Amino acid sequence: MTETAHTSTSPPGKQMLSERVYAHIRDAIMRGEHAPGDALKPQDLAREQGVSLAVVREALVRVVGEGLADRLANRGFAVPAISDRRWQEITEARRTIEPVLLRMSVERGDVDWEARVRAAHHRLARTPVYGPEEGDYYSSAWSEAHRVFHRTLLEGCGNPVLLETFDRMWTASELARRWSAHRDPDRDAVGEHRRLEEAALARDANTAAELLVQHLTQTAAVLTGCVHHEPSGEA
């Protein structure tokens with residue numbers, strides 16, 4: 001999973017502490033150790049990690065910047081609540097931008113891009129979705145393979161600014177995607193990804209973009225409890 005770039009003017013020691021605390025909080029949220037809407041109390045986190053409040057607050061600001069936490073009006077922090085509107089907005093942004101990038105990739109991608117797409121899809125298809133040590137949540141290995149596949153599909157566009165936008169949206173939507181797994185465990189994600197790969201490599205920009213929109217829409221529909229499977233099993 002791609003982390004948001006972070007520039008700090010803090011002394012090296014404090015910066016290292018902040019990085020460690022940031023990684024701990026981020027991973028704990030992604031593992032589901034903090035439920036949707038749970039408060040992230042700086043005092044408790046500082047005591048737990050053995051660091052200062054300043055270090056914890058710097059780490060929490062980074063997590064907020066990735067969309068994995070909210071900063072409340074009273075300056076507290078919390079895990080995002082399950083809000084239909086929140087995830088609909090994220091999905092709307094992704095459905096607006098990502099199909100455009102995919103069309104550009106299909107039109108501009110070279111043979112090396114095709115090879116990377118094939119390799120990324122092969123890795124995704126061969127990586128176990130769940131791991132015994134991670135309970136009901138997607139395994140870290142599968143989550144990374146999933147991110148790499150989707151990003152590789154879009155990398156043929158050749159525009160790093162647009163790809164940075166994808167990176168930010170991906171991280172912001174990661175919690176929604178994970179939570180959706182509990183609503184629809186029988187979703188045909190394997191088939192969805194296979195059809196995306198096939199359409200992209202067939203240089204069928206229209207079909208690829210349409211499949212991607214369906215794929216993103218299905219995640220949003222699952223999260224809001226409006227699951228609907230077509231007979232073909234497509235997203």
# chains A, B, ... in the order shown; residues from 1 in each chain; ligands from 1
call {"tool": "residues_around", "arguments": {"residues": "range 20-33 of chain A", "least_positions_apart": "4", "cutoff": "7 Å", "atoms": "only C-alpha atoms", "output": "PyMOL selection string"}}
result
chain A and resi 16+56+59-60+63+137+175
call {"tool": "atom_distance", "arguments": {"atom1": "CA of Arg75 in chain A", "atom2": "CA of His34 in chain A"}}
result
18.6 Å
call {"tool": "residues_around", "arguments": {"residues": "Thr91 in chain A", "least_positions_apart": "5", "cutoff": "12 Å", "atoms": "only C-alpha atoms", "output": "PyMOL selection string"}}
result
chain A and resi 84-86+96-99+166+169-170+172-174+176-177+212-221+223-224
call {"tool": "residues_around", "arguments": {"residues": "Ala81 in chain A", "least_positions_apart": "3", "cutoff": "12 Å", "atoms": "only C-alpha atoms", "output": "list in words"}}
result
His34, Ala35, Pro36, Gly37, Asp38, Ala39, Gly67, Leu68, Ala69, Asp70, Leu72, Phe77, Ala78, Asp84, Arg85, Arg86, Trp87, Leu175, Ala176 and Trp179 of chain A
call {"tool": "write_last_selection", "arguments": {"atoms": "N, CA, C and O atoms", "output": "CSV table (one decimal), in the first residue's frame"}}
result
chain,number,residue,atom,x,y,z
A,34,HIS,N,-9.4,-0.8,15.8
A,34,HIS,CA,-10.3,0.3,16.2
A,34,HIS,C,-11.5,0.3,15.3
A,34,HIS,O,-11.4,0.3,14.1
A,35,ALA,N,-12.7,0.2,16.0
A,35,ALA,CA,-13.9,0.1,15.2
A,35,ALA,C,-14.3,1.5,14.6
A,35,ALA,O,-13.8,2.5,15.0
A,36,PRO,N,-15.1,1.4,13.6
A,36,PRO,CA,-15.6,2.7,13.0
A,36,PRO,C,-16.2,3.6,14.0
A,36,PRO,O,-17.0,3.2,14.8
A,37,GLY,N,-15.7,4.9,14.0
A,37,GLY,CA,-16.2,5.9,15.0
A,37,GLY,C,-15.5,5.9,16.3
A,37,GLY,O,-15.7,6.8,17.1
A,38,ASP,N,-14.6,4.9,16.5
A,38,ASP,CA,-13.9,4.9,17.8
A,38,ASP,C,-13.0,6.2,17.9
A,38,ASP,O,-12.3,6.6,16.9
A,39,ALA,N,-12.9,6.7,19.1
A,39,ALA,CA,-12.0,7.8,19.4
A,39,ALA,C,-10.5,7.3,19.4
A,39,ALA,O,-10.2,6.2,19.9
A,67,GLY,N,-6.9,10.0,5.1
A,67,GLY,CA,-8.3,9.6,5.1
A,67,GLY,C,-8.7,8.4,6.0
A,67,GLY,O,-9.8,7.9,5.9
A,68,LEU,N,-7.7,8.0,6.8
A,68,LEU,CA,-8.0,6.9,7.7
A,68,LEU,C,-8.4,7.3,9.1
A,68,LEU,O,-8.6,6.5,10.0
A,69,ALA,N,-8.5,8.6,9.3
A,69,ALA,CA,-9.0,9.1,10.6
A,69,ALA,C,-9.6,10.5,10.3
A,69,ALA,O,-9.3,11.2,9.3
A,70,ASP,N,-10.5,11.0,11.3
A,70,ASP,CA,-11.1,12.3,11.2
A,70,ASP,C,-10.5,13.1,12.3
A,70,ASP,O,-10.3,12.6,13.4
A,72,LEU,N,-11.7,16.0,14.7
A,72,LEU,CA,-13.0,16.5,15.1
A,72,LEU,C,-12.9,18.0,15.5
A,72,LEU,O,-11.8,18.5,15.7
A,77,PHE,N,-9.5,13.1,17.7
A,77,PHE,CA,-9.3,12.3,16.5
A,77,PHE,C,-10.2,11.0,16.7
A,77,PHE,O,-10.4,10.6,17.8
A,78,ALA,N,-10.7,10.5,15.5
A,78,ALA,CA,-11.5,9.3,15.6
A,78,ALA,C,-11.4,8.6,14.3
A,78,ALA,O,-11.1,9.2,13.2
A,84,ASP,N,-22.6,6.4,4.6
A,84,ASP,CA,-22.9,6.2,3.2
A,84,ASP,C,-22.4,7.4,2.4
A,84,ASP,O,-21.8,7.2,1.3
A,85,ARG,N,-22.6,8.6,2.9
A,85,ARG,CA,-22.2,9.7,2.1
A,85,ARG,C,-20.7,9.8,1.9
A,85,ARG,O,-20.2,10.1,0.8
A,86,ARG,N,-20.0,9.5,3.0
A,86,ARG,CA,-18.5,9.6,2.9
A,86,ARG,C,-18.0,8.7,1.8
A,86,ARG,O,-17.2,9.1,0.9
A,87,TRP,N,-18.4,7.4,1.8
A,87,TRP,CA,-17.9,6.5,0.9
A,87,TRP,C,-18.5,6.7,-0.5
A,87,TRP,O,-17.8,6.4,-1.5
A,175,LEU,N,-10.3,1.5,3.8
A,175,LEU,CA,-11.1,1.1,4.9
A,175,LEU,C,-12.5,0.7,4.4
A,175,LEU,O,-13.0,-0.4,4.8
A,176,ALA,N,-13.0,1.4,3.5
A,176,ALA,CA,-14.4,1.1,2.9
A,176,ALA,C,-14.3,-0.3,2.2
A,176,ALA,O,-15.2,-1.1,2.4
A,179,TRP,N,-14.1,-3.0,4.9
A,179,TRP,CA,-15.4,-3.2,5.6
A,179,TRP,C,-16.4,-3.9,4.7
A,179,TRP,O,-17.2,-4.7,5.2
call {"tool": "select_by_dssp", "arguments": {"residues": "range 111-232 of chain A", "states": "helix (DSSP H, G or I)", "output": "VMD selection string"}}
result
chain A and resid 111 to 126 132 to 134 140 to 155 160 to 180 189 to 201 205 to 223
call {"tool": "closest_residue", "arguments": {"among": "A:Glu210, A:Asp186, A:Glu92, A:Glu114", "to": "Leu154 in chain A", "atoms": "only C-alpha atoms"}}
result
A:Glu114
call {"tool": "closest_residue", "arguments": {"among": "A:Ser18, A:Gln88, A:Ser105, A:Gln49", "to": "Arg62 in chain A", "atoms": "only C-alpha atoms"}}
result
A:Ser18
call {"tool": "select_by_dssp", "arguments": {"residues": "range 25-204 of chain A", "states": "strand (DSSP E)", "output": "NGL selection string"}}
result
:A and (70-71 or 77-78)
call {"tool": "write_last_selection", "arguments": {"atoms": "N, CA and C atoms", "output": "PDB file, in the first residue's frame"}}
result
ATOM      1  N   ASP A  70     -10.461  10.952  11.263  1.00  0.00           N
ATOM      2  CA  ASP A  70     -11.060  12.285  11.182  1.00  0.00           C
ATOM      3  C   ASP A  70     -10.531  13.141  12.324  1.00  0.00           C
ATOM      4  N   ARG A  71     -10.369  14.437  12.046  1.00  0.00           N
ATOM      5  CA  ARG A  71     -10.032  15.385  13.105  1.00  0.00           C
ATOM      6  C   ARG A  71     -11.311  16.106  13.474  1.00  0.00           C
ATOM      7  N   PHE A  77      -9.494  13.114  17.719  1.00  0.00           N
ATOM      8  CA  PHE A  77      -9.326  12.299  16.530  1.00  0.00           C
ATOM      9  C   PHE A  77     -10.193  11.046  16.664  1.00  0.00           C
ATOM     10  N   ALA A  78     -10.666  10.526  15.533  1.00  0.00           N
ATOM     11  CA  ALA A  78     -11.492   9.325  15.562  1.00  0.00           C
ATOM     12  C   ALA A  78     -11.374   8.578  14.251  1.00  0.00           C
TER      13      ALA A  78
END
call {"tool": "closest_residue", "arguments": {"among": "A:His121, A:Ser143, A:Pro160, A:Gln43", "to": "Arg195 in chain A", "atoms": "only C-alpha atoms"}}
result
A:His121
